[in-house]
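**Q** Structure: entry-v1.txt, compact mmCIF, C-alpha atoms.
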```txt
# COMPACT_ATOMS: atom_id res chain seq x y z
CA MET A 30 93.04 -227.13 20.38
CA TYR A 31 96.63 -228.38 20.55
CA ASP A 32 96.38 -230.65 23.62
CA GLU A 33 95.33 -233.78 21.74
CA ALA A 34 98.00 -233.33 19.07
CA ILE A 35 100.69 -232.77 21.71
CA GLN A 36 99.66 -235.89 23.62
CA ASN A 37 99.69 -237.96 20.43
CA LEU A 38 103.19 -236.73 19.58
CA LYS A 39 104.44 -237.55 23.08
CA ASP A 40 102.93 -241.04 22.84
CA ALA A 41 104.65 -241.60 19.50
CA LEU A 42 107.99 -240.44 20.92
CA ARG A 43 107.81 -243.06 23.66
CA PHE A 44 108.27 -245.66 20.94
CA SER A 45 110.83 -243.61 19.01
CA PRO A 46 112.53 -241.26 21.49
CA ASP A 47 115.23 -240.03 19.05
CA ASN A 48 112.92 -239.42 16.10
CA ILE A 49 114.08 -235.95 15.01
CA PRO A 50 111.09 -235.05 12.75
CA LEU A 51 108.65 -235.99 15.55
CA LYS A 52 110.64 -233.99 18.11
CA SER A 53 110.68 -231.02 15.78
CA ILE A 54 106.89 -231.13 15.24
CA LEU A 55 106.33 -231.48 19.01
CA ALA A 56 108.54 -228.45 19.79
CA GLU A 57 106.77 -226.32 17.16
CA THR A 58 103.34 -227.37 18.42
CA LEU A 59 104.26 -226.60 22.04
CA LEU A 60 105.42 -223.13 20.95
CA LYS A 61 102.18 -222.51 19.05
CA ALA A 62 100.22 -223.64 22.11
CA ASN A 63 102.19 -221.12 24.21
CA ARG A 64 103.43 -223.92 26.50
CA LEU A 65 106.76 -222.15 26.59
CA ASP A 66 108.62 -224.07 29.33
CA GLU A 67 107.85 -227.35 27.59
CA ALA A 68 108.77 -225.86 24.21
CA GLU A 69 112.13 -224.73 25.60
CA GLN A 70 112.88 -228.24 26.90
CA ALA A 71 111.78 -229.79 23.59
CA TYR A 72 114.00 -227.50 21.52
CA MET A 73 116.98 -228.01 23.86
CA SER A 74 116.56 -231.78 23.54
CA LEU A 75 116.33 -231.47 19.76
CA ILE A 76 119.46 -229.30 19.52
CA THR A 77 121.51 -231.89 21.45
CA LEU A 78 120.61 -234.42 18.74
CA THR A 79 120.85 -232.33 15.57
CA ASN A 80 122.35 -228.84 16.23
CA ASP A 81 120.01 -227.75 13.44
CA ALA A 82 119.58 -224.03 12.61
CA LYS A 83 115.81 -224.44 12.42
CA ALA A 84 115.73 -225.86 15.96
CA LYS A 85 117.93 -223.01 17.22
CA PHE A 86 115.60 -220.47 15.62
CA GLY A 87 112.68 -222.19 17.32
CA LEU A 88 114.47 -221.90 20.67
CA ALA A 89 115.14 -218.21 20.01
CA LYS A 90 111.43 -217.67 19.29
CA THR A 91 110.60 -219.44 22.52
CA PHE A 92 112.96 -217.20 24.51
CA PHE A 93 111.46 -214.15 22.79
CA GLN A 94 107.97 -215.24 23.80
CA LYS A 95 109.24 -215.73 27.37
CA GLU A 96 110.64 -212.17 27.23
CA ALA A 97 114.15 -213.55 27.67
CA TYR A 98 115.41 -211.20 24.97
CA ALA A 99 119.12 -211.44 25.80
CA LYS A 100 119.04 -215.24 25.40
CA ALA A 101 117.14 -214.90 22.13
CA ASN A 102 119.70 -212.40 20.78
CA VAL A 103 122.65 -214.67 21.58
CA ILE A 104 121.14 -217.45 19.47
CA LEU A 105 120.06 -215.13 16.65
CA GLU A 106 123.50 -213.49 16.45
CA GLU A 107 125.09 -216.93 16.21
CA LEU A 108 122.78 -217.91 13.36
CA ILE A 109 123.52 -214.68 11.48
CA ASP A 110 127.28 -215.00 12.07
CA ASN A 111 127.09 -218.53 10.64
CA GLY A 112 125.69 -217.12 7.41
CA ASP A 113 122.01 -217.97 7.80
CA ASN A 114 120.14 -215.67 5.39
CA ASN A 115 116.61 -216.37 6.60
CA HIS A 116 115.03 -212.91 6.75
CA GLU A 117 112.74 -214.05 9.60
CA ILE A 118 115.83 -214.44 11.81
CA TYR A 119 116.77 -210.80 11.12
CA ILE A 120 113.22 -209.59 11.79
CA LEU A 121 113.07 -211.36 15.17
CA HIS A 122 116.57 -210.13 16.03
CA ALA A 123 115.54 -206.52 15.32
CA LYS A 124 112.50 -206.88 17.57
CA ALA A 125 114.55 -208.41 20.38
CA LEU A 126 117.14 -205.63 20.07
CA ILE A 127 114.40 -203.01 20.51
CA HIS A 128 113.42 -204.66 23.78
CA GLU A 129 117.06 -204.37 24.87
CA HIS A 130 116.99 -200.66 23.85
CA ASP A 131 119.62 -201.10 21.12
CA ILE A 132 117.73 -199.06 18.51
CA THR A 133 120.71 -198.33 16.26
CA LYS A 134 121.54 -202.02 15.88
CA ALA A 135 117.83 -202.83 15.39
CA ILE A 136 117.64 -200.41 12.45
CA GLU A 137 120.78 -201.95 10.93
CA ILE A 138 119.41 -205.50 11.26
CA TYR A 139 116.00 -204.52 9.87
CA ARG A 140 117.64 -202.96 6.82
CA LYS A 141 119.55 -206.19 6.22
CA ALA A 142 116.30 -208.16 6.46
CA LEU A 143 114.76 -205.96 3.76
CA ALA A 144 117.87 -206.31 1.62
CA LEU A 145 117.41 -210.10 1.79
CA ASN A 146 113.69 -209.88 1.07
CA PRO A 147 112.17 -206.48 0.14
CA GLN A 148 108.67 -207.94 0.66
CA CYS A 149 109.21 -208.78 4.34
CA GLN A 150 108.22 -205.33 5.61
CA ASP A 151 107.02 -205.58 9.22
CA ALA A 152 104.35 -203.14 10.41
CA GLU A 153 105.45 -203.36 14.06
CA LEU A 154 109.08 -202.57 13.24
CA ASP A 155 108.06 -199.77 10.87
CA ALA A 156 106.02 -198.15 13.61
CA GLN A 157 108.89 -198.39 16.12
CA LEU A 158 111.87 -197.63 13.90
CA ARG A 159 110.73 -195.41 11.05
CA GLN A 160 110.43 -192.18 13.08
CA VAL A 161 113.84 -192.82 14.66
CA ASN A 162 115.43 -193.37 11.29
CA VAL A 163 113.83 -190.41 9.53
CA VAL A 164 115.30 -187.87 11.93
CA GLU A 165 118.81 -189.34 11.79
CA GLU A 166 121.49 -187.40 9.97
CA VAL A 167 122.42 -189.95 7.29
CA GLY A 168 124.61 -189.37 4.30
CA ASP A 169 122.91 -191.73 1.85
CA VAL A 170 119.16 -191.39 1.52
CA ALA A 171 119.05 -194.78 -0.19
CA ASP A 172 119.75 -196.28 3.23
CA ASN A 173 116.14 -195.46 4.02
CA ALA A 174 114.92 -198.05 1.50
CA TYR A 175 112.68 -199.70 4.05
CA PHE A 176 110.75 -196.42 4.30
CA ILE A 177 109.63 -196.99 0.70
CA GLN A 178 106.83 -199.30 -0.36
CA HIS A 179 106.36 -201.07 -3.70
CA PRO A 180 102.57 -201.43 -4.01
CA SER A 181 101.23 -204.68 -5.42
CA ILE A 182 97.82 -203.13 -6.13
CA ASP A 183 96.61 -200.92 -8.98
CA PHE A 184 93.29 -199.57 -10.25
CA ALA A 185 92.12 -203.09 -11.11
CA HIS A 186 91.96 -203.72 -7.34
CA VAL A 187 89.72 -200.67 -6.75
CA GLY A 188 86.10 -201.70 -7.22
CA GLY A 189 83.90 -199.07 -8.86
CA MET A 190 84.76 -195.38 -8.30
CA GLU A 191 85.30 -194.97 -12.05
CA GLU A 192 85.02 -191.16 -12.03
CA VAL A 193 87.76 -190.85 -9.38
CA LYS A 194 90.05 -193.22 -11.27
CA LYS A 195 89.35 -191.43 -14.56
CA GLU A 196 90.23 -188.05 -13.09
CA ILE A 197 93.44 -189.32 -11.51
CA ASP A 198 94.37 -191.06 -14.77
CA LEU A 199 93.87 -187.88 -16.80
CA LYS A 200 95.56 -185.46 -14.40
CA ILE A 201 98.26 -187.63 -12.88
CA ILE A 202 98.96 -190.99 -14.47
CA LYS A 203 99.26 -189.99 -18.13
CA PRO A 204 101.85 -187.26 -17.39
CA LEU A 205 103.96 -189.75 -15.44
CA LEU A 206 103.67 -192.42 -18.15
CA HIS A 207 104.46 -189.99 -21.01
CA PRO A 208 107.08 -187.59 -19.59
CA GLU A 209 108.68 -187.07 -23.03
CA LEU A 210 105.52 -185.39 -24.34
CA TYR A 211 105.43 -183.02 -21.39
CA LYS A 212 109.15 -182.33 -21.73
CA ALA A 213 108.63 -181.31 -25.36
CA TYR A 214 106.26 -178.58 -24.17
CA GLY A 215 108.54 -177.55 -21.31
CA LYS A 216 106.24 -178.96 -18.63
CA LYS A 217 107.38 -181.03 -15.67
CA THR A 218 105.86 -184.33 -14.65
CA GLY A 219 104.64 -184.82 -11.10
CA GLY A 220 102.90 -182.15 -9.09
CA GLY A 221 100.31 -182.29 -6.37
CA ILE A 222 96.81 -183.67 -6.01
CA LEU A 223 94.53 -183.45 -3.00
CA LEU A 224 92.04 -186.22 -2.24
CA TYR A 225 89.18 -185.14 -0.01
CA GLY A 226 85.95 -186.66 1.23
CA PRO A 227 84.33 -188.37 4.21
CA PRO A 228 86.50 -190.58 6.45
CA GLY A 229 86.77 -194.30 5.73
CA CYS A 230 86.20 -194.05 1.97
CA GLY A 231 89.57 -195.37 0.79
CA LYS A 232 91.65 -192.26 0.06
CA THR A 233 94.85 -193.99 1.21
CA TYR A 234 94.01 -197.13 -0.79
CA ILE A 235 93.44 -195.08 -3.95
CA ALA A 236 96.75 -193.25 -3.47
CA LYS A 237 98.57 -196.56 -3.12
CA ALA A 238 96.75 -197.96 -6.18
CA THR A 239 97.85 -194.87 -8.13
CA ALA A 240 101.48 -195.67 -7.34
CA GLY A 241 100.91 -199.27 -8.40
CA GLN A 242 99.25 -198.15 -11.63
CA VAL A 243 102.39 -196.30 -12.75
CA LYS A 244 104.76 -198.80 -11.10
CA ALA A 245 106.14 -196.03 -8.89
CA ARG A 246 107.50 -196.24 -5.37
CA PHE A 247 105.13 -195.22 -2.60
CA ILE A 248 105.99 -193.31 0.58
CA SER A 249 103.18 -192.86 3.08
CA VAL A 250 103.75 -190.07 5.60
CA GLY A 251 101.80 -189.61 8.82
CA LEU A 252 101.93 -187.00 11.55
CA ASN A 253 104.27 -189.09 13.70
CA ASP A 254 106.84 -189.17 10.89
CA ILE A 255 107.19 -185.39 10.94
CA LEU A 256 106.12 -183.73 14.17
CA ASP A 257 108.77 -183.38 16.84
CA MET A 258 108.74 -181.61 20.19
CA TRP A 259 112.11 -179.92 19.54
CA ILE A 260 112.10 -176.65 17.61
CA GLY A 261 113.33 -177.12 14.04
CA ASN A 262 113.21 -180.90 14.02
CA SER A 263 109.80 -181.13 12.36
CA GLU A 264 111.03 -179.04 9.42
CA LYS A 265 114.16 -181.19 9.19
CA ASN A 266 112.08 -184.38 9.18
CA LEU A 267 109.87 -183.04 6.41
CA HIS A 268 112.86 -182.04 4.27
CA HIS A 269 114.44 -185.44 4.80
CA ILE A 270 111.30 -187.24 3.59
CA PHE A 271 111.24 -185.12 0.42
CA GLU A 272 114.91 -185.97 -0.12
CA ILE A 273 114.08 -189.68 0.05
CA ALA A 274 111.38 -189.17 -2.60
CA ARG A 275 113.69 -187.11 -4.86
CA GLN A 276 116.29 -189.86 -4.90
CA ASN A 277 113.71 -192.57 -5.62
CA THR A 278 111.70 -191.26 -8.58
CA PRO A 279 109.22 -192.05 -9.99
CA CYS A 280 107.60 -191.81 -6.59
CA VAL A 281 104.22 -191.12 -5.04
CA LEU A 282 104.68 -189.17 -1.82
CA PHE A 283 101.45 -189.42 0.17
CA PHE A 284 100.55 -187.24 3.17
CA ASP A 285 97.65 -188.50 5.26
CA GLU A 286 95.63 -186.01 7.32
CA ILE A 287 97.42 -183.22 5.53
CA ASP A 288 95.16 -180.59 7.08
CA ALA A 289 96.88 -181.30 10.42
CA LEU A 290 100.23 -180.35 8.85
CA GLY A 291 98.97 -177.54 6.64
CA ALA A 292 96.21 -175.91 8.69
CA SER A 293 95.44 -172.30 7.93
CA ARG A 294 98.19 -170.08 9.34
CA SER A 295 95.62 -167.43 10.26
CA ASP A 296 94.26 -169.87 12.87
CA MET A 297 97.67 -170.50 14.42
CA ARG A 298 99.02 -168.84 17.52
CA GLN A 299 102.36 -170.65 17.69
CA SER A 300 105.14 -169.72 15.30
CA SER A 301 106.41 -173.33 15.14
CA GLY A 302 103.32 -174.37 13.15
CA ARG A 303 103.83 -171.47 10.75
CA HIS A 304 107.49 -172.45 10.23
CA LEU A 305 106.47 -176.02 9.36
CA ILE A 306 103.91 -174.81 6.79
CA ASN A 307 106.49 -172.50 5.23
CA GLN A 308 108.93 -175.41 5.00
CA PHE A 309 106.20 -177.56 3.42
CA LEU A 310 105.47 -174.87 0.81
CA GLN A 311 109.19 -174.56 -0.03
CA GLU A 312 109.46 -178.32 -0.52
CA LEU A 313 106.38 -178.35 -2.75
CA ASP A 314 107.81 -175.52 -4.86
CA GLY A 315 111.15 -177.32 -5.21
CA VAL A 316 113.00 -174.09 -4.49
CA GLU A 317 116.34 -175.78 -3.76
CA ASN A 318 115.68 -179.19 -5.33
CA GLU A 319 113.71 -180.44 -8.33
CA ASN A 320 110.50 -182.39 -7.68
CA ASP A 321 110.36 -183.72 -11.23
CA GLY A 322 108.99 -187.27 -11.22
CA ILE A 323 107.41 -186.95 -7.77
CA LEU A 324 103.65 -187.12 -7.48
CA ILE A 325 102.68 -185.52 -4.19
CA MET A 326 99.29 -186.63 -2.92
CA GLY A 327 97.48 -185.46 0.19
CA ALA A 328 94.34 -186.75 1.87
CA THR A 329 92.02 -184.78 4.10
CA ASN A 330 88.50 -184.97 5.48
CA THR A 331 88.37 -181.17 5.89
CA PRO A 332 89.88 -179.38 2.86
CA TRP A 333 88.32 -176.09 4.01
CA HIS A 334 90.82 -176.03 6.92
CA LEU A 335 93.85 -176.29 4.63
CA ASP A 336 95.92 -173.14 4.18
CA GLN A 337 94.96 -171.53 0.85
CA ALA A 338 98.61 -171.26 -0.13
CA PHE A 339 98.67 -175.05 -0.59
CA ARG A 340 96.20 -174.81 -3.48
CA ARG A 341 98.20 -172.41 -5.63
CA PRO A 342 99.52 -173.59 -9.05
CA GLY A 343 102.34 -176.11 -8.76
CA ARG A 344 101.24 -177.24 -5.30
CA PHE A 345 97.96 -179.03 -4.53
CA ASP A 346 96.25 -177.30 -7.41
CA ARG A 347 94.30 -180.39 -8.43
CA ILE A 348 91.61 -181.52 -6.02
CA VAL A 349 89.61 -184.76 -6.33
CA PHE A 350 86.47 -185.61 -4.38
CA VAL A 351 86.50 -189.22 -3.10
CA PRO A 352 82.88 -190.02 -2.28
CA PRO A 353 81.58 -193.05 -0.40
CA PRO A 354 81.91 -196.16 -2.58
CA ASP A 355 79.34 -196.48 -5.34
CA ASN A 356 77.06 -199.48 -5.77
CA ILE A 357 79.66 -201.54 -7.67
CA ALA A 358 82.32 -200.78 -5.05
CA ARG A 359 79.97 -201.56 -2.16
CA GLU A 360 79.09 -204.91 -3.72
CA ALA A 361 82.80 -205.70 -4.19
CA ILE A 362 83.58 -204.76 -0.57
CA LEU A 363 80.74 -206.97 0.69
CA LYS A 364 82.03 -209.96 -1.28
CA ILE A 365 85.60 -209.45 -0.10
CA LYS A 366 84.66 -209.02 3.57
CA LEU A 367 82.31 -212.04 3.57
CA ALA A 368 84.66 -214.32 1.61
CA GLY A 369 85.49 -217.48 3.54
CA LYS A 370 82.68 -216.96 6.04
CA PRO A 371 79.54 -219.15 6.24
CA THR A 372 76.86 -217.44 4.11
CA SER A 373 73.55 -218.47 2.59
CA GLY A 374 71.44 -216.89 -0.16
CA ILE A 375 72.87 -213.36 -0.10
CA ASP A 376 71.92 -211.03 -2.95
CA TYR A 377 75.00 -208.80 -2.81
CA HIS A 378 73.70 -206.40 -5.45
CA GLN A 379 70.43 -205.84 -3.57
CA ILE A 380 72.18 -205.34 -0.21
CA ALA A 381 74.67 -202.89 -1.77
CA LYS A 382 71.82 -200.79 -3.20
CA LYS A 383 70.52 -200.23 0.33
CA MET A 384 73.92 -198.96 1.55
CA GLU A 385 73.96 -195.56 -0.11
CA GLN A 386 76.43 -193.17 1.61
CA TYR A 387 78.01 -196.07 3.54
CA SER A 388 81.80 -195.77 3.67
CA GLY A 389 84.05 -198.81 3.35
CA ALA A 390 84.62 -198.62 7.10
CA ASP A 391 80.83 -198.54 7.66
CA ILE A 392 80.37 -201.69 5.58
CA GLU A 393 83.09 -203.48 7.54
CA ALA A 394 81.49 -202.42 10.83
CA LEU A 395 78.09 -203.64 9.64
CA ILE A 396 79.52 -207.05 8.75
CA ASP A 397 81.29 -207.27 12.12
CA LYS A 398 78.04 -206.52 13.92
CA THR A 399 76.19 -209.15 11.88
CA ILE A 400 78.88 -211.73 12.67
CA GLU A 401 78.60 -210.95 16.39
CA ASP A 402 74.85 -211.63 16.21
CA LYS A 403 75.42 -214.92 14.39
CA LEU A 404 78.06 -215.96 16.90
CA THR A 405 75.51 -215.55 19.67
CA GLU A 406 73.19 -217.90 17.80
CA SER A 407 76.05 -220.32 17.15
CA PHE A 408 76.97 -220.46 20.84
CA ASN A 409 73.44 -221.60 21.64
CA SER A 410 73.28 -224.25 18.92
CA GLY A 411 76.93 -225.29 18.92
CA VAL A 412 76.93 -225.12 15.10
CA PRO A 413 78.16 -222.18 12.96
CA GLN A 414 75.08 -220.40 11.63
CA PRO A 415 75.40 -219.01 8.07
CA ILE A 416 74.93 -215.30 7.46
CA ALA A 417 71.77 -214.80 5.42
CA GLN A 418 70.21 -211.90 3.53
CA GLN A 419 67.84 -211.10 6.37
CA ASP A 420 70.70 -210.90 8.89
CA LEU A 421 72.40 -208.12 6.92
CA LEU A 422 69.10 -206.31 6.35
CA SER A 423 68.34 -206.49 10.08
CA THR A 424 71.73 -204.96 10.93
CA LEU A 425 71.24 -202.27 8.28
CA LYS A 426 68.18 -201.01 10.16
CA ARG A 427 70.30 -200.47 13.28
CA HIS A 428 73.54 -199.23 11.68
CA LYS A 429 73.43 -195.85 9.93
CA PRO A 430 76.20 -194.46 7.70
CA SER A 431 78.82 -192.42 9.55
CA THR A 432 79.23 -190.09 6.57
CA ALA A 433 75.93 -188.26 7.27
CA GLU A 434 77.56 -185.84 9.72
CA TRP A 435 80.40 -185.10 7.28
CA PHE A 436 77.98 -184.31 4.45
CA SER A 437 75.99 -182.03 6.74
CA THR A 438 79.11 -179.91 7.36
CA ALA A 439 80.41 -180.19 3.80
CA LYS A 440 77.08 -179.02 2.35
CA ASN A 441 77.40 -175.71 4.21
CA PHE A 442 80.87 -175.06 2.76
CA ALA A 443 79.74 -176.16 -0.72
CA LEU A 444 76.76 -173.79 -0.63
CA PHE A 445 78.16 -170.75 1.16
CA ALA A 446 81.99 -170.84 0.85
CA ASN A 447 82.46 -172.11 -2.67
CA GLU A 448 83.10 -169.06 -4.84
CA SER A 449 85.60 -170.89 -7.06
CA GLY A 450 83.42 -173.98 -7.44
CA LEU A 451 85.96 -176.06 -5.53
CA TYR A 452 83.29 -178.14 -3.79
CA ASP A 453 80.80 -178.49 -6.65
CA ASP A 454 81.36 -182.26 -6.65
CA ILE A 455 79.83 -182.43 -3.17
CA LEU A 456 76.65 -180.74 -4.40
CA THR A 457 76.56 -183.03 -7.45
CA TYR A 458 76.89 -186.10 -5.26
CA MET A 459 74.13 -184.84 -2.92
CA LYS A 460 71.96 -183.93 -5.94
CA ILE A 461 71.69 -180.31 -4.80
CA LYS A 462 71.36 -177.51 -7.32
CA LYS A 463 73.32 -174.41 -6.38
```
What does the file become when written as structure tokens?
**A**
Amino acid sequence: MYDEAIQNLKDALRFSPDNIPLKSILAETLLKANRLDEAEQAYMSLITLTNDAKAKFGLAKTFFQKEAYAKANVILEELIDNGDNNHEIYILHAKALIHEHDITKAIEIYRKALALNPQCQDAELDAQLRQVNVVEEVGDVADNAYFIQHPSIDFAHVGGMEEVKKEIDLKIIKPLLHPELYKAYGKKTGGGILLYGPPGCGKTYIAKATAGQVKARFISVGLNDILDMWIGNSEKNLHHIFEIARQNTPCVLFFDEIDALGASRSDMRQSSGRHLINQFLQELDGVENENDGILIMGATNTPWHLDQAFRRPGRFDRIVFVPPPDNIAREAILKIKLAGKPTSGIDYHQIAKKMEQYSGADIEALIDKTIEDKLTESFNSGVPQPIAQQDLLSTLKRHKPSTAEWFSTAKNFALFANESGLYDDILTYMKIKK
């Protein structure tokens, strides 16, 4: 892919050996082609001519790719000390510091990167540094700013699912947008809402869109952010996360797989799990601190395994069923996932109608399988073959919705363990009369 371009650049440099723009393009192309020894030589040659910060950063990236992290850090530290405020330099420096096991410095550098550009959040660094930072004893919770997201999506980005959006708007969004009305009646804004339904149906996406709808901060919490092998640390981590939310209102605090954190205490043998649930309940109640302005959202595939204490008033007392995407949503997902790919004569509406009970993840898997089949054809012909209506229909016959098993289990709870009508929405969706 790059060989011809590299050769052309080298040929051009024979006639103009000190042409800095050409040398720069050659070095960048060699790095992209993963020809790291040649890229190193090209950047070194360029630096002798120009001593340019961009060339030095390129050399640092080359050293990083070669796993020469100490060399990369020397260059990156020099660039930062010289006042270069390119956030990409800070991001790479943080990653290189992790490889040298300097986690404290990596956290510091990553925070500075986010201060320069709050939108430069890096998933790899979050995964490696967030857990470390959450359990630190820090005086200023605002220092954890990188733990907080500012969603760029709202309900306009959620195709279909009008009933879910309507319920969230009525129960959650209006109180947060009109706190003065609630204050007049002595009611607090915020509270808890539990999203439940089959896996892969966009519960996390809807939670993030809810935060975007009210222009609130968004904190997504997973098991790894809380659970710790040392006794007492899990409770401390949980408290610390709530403290971050309390100092950054309005805020949506989202707990994924909440049933793993709040499983029924009657099923537990170890006291450590019970202590964590008790801590969780105290934080929800705001016993020591106010939760005003915090919307606490949880997502679960198995709400029947959640401790009943979580569903008492003031906690997760509002529960919303998130079904598989409806026809409008399925059509929107199809269009998004097939955008930019070679297609021919697809009736998206007709295909979507045949995908009842397909989750968003199922639709993505179906498209991936169809693309694999078309790639096989393309290898034989040497020409990209467009995805047609029949290709998707053919894959549909072989790919069944993964939600069927979930509904089979959920139906039993909705029929035989549903005294309060908590799971009536499941029966409505399945068109079953109780």
**Q** Kindly provide the residues of range 327-394 of chain A that approach range 190-205 of chain A to within 8 Å, each paired with its closest atom pair and their distance in Å to one decimal, based on only C-alpha atoms, listed by chain and increasing number, as a Markdown table.
**A**
```
| residue | atom | partner | partner_atom | distance |
| --- | --- | --- | --- | --- |
| A:Arg347 | CA | A:Lys200 | CA | 7.9 |
| A:Val349 | CA | A:Val193 | CA | 7.1 |
| A:Phe350 | CA | A:Val193 | CA | 7.4 |
| A:Val351 | CA | A:Val193 | CA | 6.6 |
| A:Pro354 | CA | A:Met190 | CA | 6.4 |
| A:Asp355 | CA | A:Met190 | CA | 6.3 |
| A:Ala358 | CA | A:Met190 | CA | 6.8 |
```
**Q** Pick out the residues sitting within 12 Å of His122 in chain A, and hand them over as a PyMOL selection string; count all atoms listed in the file, and ignore anything fewer than 4 positions along from it in its own chain.
**A** chain A and resi 86+89-90+92-93+98-109+115-118+126-129+131-132+134-142+154
**Q** Which of these residues is nearest to Arg275 in chain A, using all atoms listed in the file: A:Leu252, A:Ile235, A:Ile323, A:Leu425?
**A**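 Between A:Leu252, A:Ile235, A:Ile323, A:Leu425, the residue approaching Arg275 in chain A most closely is A:Ile323.
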**Q** Tell me, in Å to one decimal, how far CA of Tyr72 in chain A is from CA of Ser53 in chain A.
**A**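 Between these atoms lies a distance of 7.5 Å.
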**Q** Measuring atom to atom with all atoms listed in the file, identify which of A:Asp314, A:Asp110, A:Asp321, A:Glu360 is nearest to Ala338 in chain A.
**A**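 Once distances to Ala338 in chain A are computed over all atoms listed in the file, the minimum belongs to A:Asp314.
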**Q** Select, from A:Gln308, A:Pro227, A:Gln379, A:Ile362, the residue with the minimum atom-to-atom distance to Thr331 in chain A, counting all atoms listed in the file.
**A** A:Pro227
**Q** For Ala62 in chain A, please output as an mmCIF file with C-alpha atoms, keeping the file's coordinate frame all residues within 10 Å (counting only C-alpha atoms; exclusion window: fewer than 2 positions along the same chain).
**A**
```cif
data_model
loop_
_atom_site.group_PDB
_atom_site.id
_atom_site.type_symbol
_atom_site.label_atom_id
_atom_site.label_comp_id
_atom_site.auth_asym_id
_atom_site.auth_seq_id
_atom_site.Cartn_x
_atom_site.Cartn_y
_atom_site.Cartn_z
ATOM 1 C CA MET A 30 93.040 -227.130 20.380
ATOM 2 C CA TYR A 31 96.630 -228.380 20.550
ATOM 3 C CA ASP A 32 96.380 -230.650 23.620
ATOM 4 C CA ILE A 35 100.690 -232.770 21.710
ATOM 5 C CA ALA A 56 108.540 -228.450 19.790
ATOM 6 C CA GLU A 57 106.770 -226.320 17.160
ATOM 7 C CA THR A 58 103.340 -227.370 18.420
ATOM 8 C CA LEU A 59 104.260 -226.600 22.040
ATOM 9 C CA LEU A 60 105.420 -223.130 20.950
ATOM 10 C CA ARG A 64 103.430 -223.920 26.500
ATOM 11 C CA LEU A 65 106.760 -222.150 26.590
ATOM 12 C CA ALA A 68 108.770 -225.860 24.210
#
```
**Q** Any chance you could build range 93-104 of chain A out to N, CA and C atoms and write it as a PDB file, in the coordinates of the input?
**A**
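File produced: out21.pdb:
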```pdb
ATOM      1  N   PHE A  93     112.087-215.442  23.056  1.00  0.00           N
ATOM      2  CA  PHE A  93     111.460-214.150  22.790  1.00  0.00           C
ATOM      3  C   PHE A  93     110.066-214.094  23.399  1.00  0.00           C
ATOM      4  N   GLN A  94     109.308-215.180  23.235  1.00  0.00           N
ATOM      5  CA  GLN A  94     107.970-215.240  23.800  1.00  0.00           C
ATOM      6  C   GLN A  94     108.004-215.198  25.334  1.00  0.00           C
ATOM      7  N   LYS A  95     109.082-215.735  25.911  1.00  0.00           N
ATOM      8  CA  LYS A  95     109.240-215.730  27.370  1.00  0.00           C
ATOM      9  C   LYS A  95     109.825-214.414  27.865  1.00  0.00           C
ATOM     10  N   GLU A  96     110.062-213.482  26.932  1.00  0.00           N
ATOM     11  CA  GLU A  96     110.640-212.170  27.230  1.00  0.00           C
ATOM     12  C   GLU A  96     112.075-212.268  27.732  1.00  0.00           C
ATOM     13  N   ALA A  97     112.727-213.378  27.374  1.00  0.00           N
ATOM     14  CA  ALA A  97     114.150-213.550  27.670  1.00  0.00           C
ATOM     15  C   ALA A  97     114.928-213.072  26.440  1.00  0.00           C
ATOM     16  N   TYR A  98     114.915-211.761  26.223  1.00  0.00           N
ATOM     17  CA  TYR A  98     115.410-211.200  24.970  1.00  0.00           C
ATOM     18  C   TYR A  98     116.921-211.365  24.801  1.00  0.00           C
ATOM     19  N   ALA A  99     117.664-211.277  25.882  1.00  0.00           N
ATOM     20  CA  ALA A  99     119.120-211.440  25.800  1.00  0.00           C
ATOM     21  C   ALA A  99     119.476-212.839  25.301  1.00  0.00           C
ATOM     22  N   LYS A 100     118.797-213.860  25.839  1.00  0.00           N
ATOM     23  CA  LYS A 100     119.040-215.240  25.400  1.00  0.00           C
ATOM     24  C   LYS A 100     118.675-215.411  23.931  1.00  0.00           C
ATOM     25  N   ALA A 101     117.558-214.811  23.531  1.00  0.00           N
ATOM     26  CA  ALA A 101     117.140-214.900  22.130  1.00  0.00           C
ATOM     27  C   ALA A 101     118.185-214.266  21.222  1.00  0.00           C
ATOM     28  N   ASN A 102     118.722-213.104  21.616  1.00  0.00           N
ATOM     29  CA  ASN A 102     119.700-212.400  20.780  1.00  0.00           C
ATOM     30  C   ASN A 102     120.995-213.175  20.627  1.00  0.00           C
ATOM     31  N   VAL A 103     121.427-213.863  21.671  1.00  0.00           N
ATOM     32  CA  VAL A 103     122.650-214.670  21.580  1.00  0.00           C
ATOM     33  C   VAL A 103     122.508-215.726  20.487  1.00  0.00           C
ATOM     34  N   ILE A 104     121.373-216.409  20.472  1.00  0.00           N
ATOM     35  CA  ILE A 104     121.140-217.450  19.470  1.00  0.00           C
ATOM     36  C   ILE A 104     121.029-216.843  18.074  1.00  0.00           C
TER      37      ILE A 104
END
```
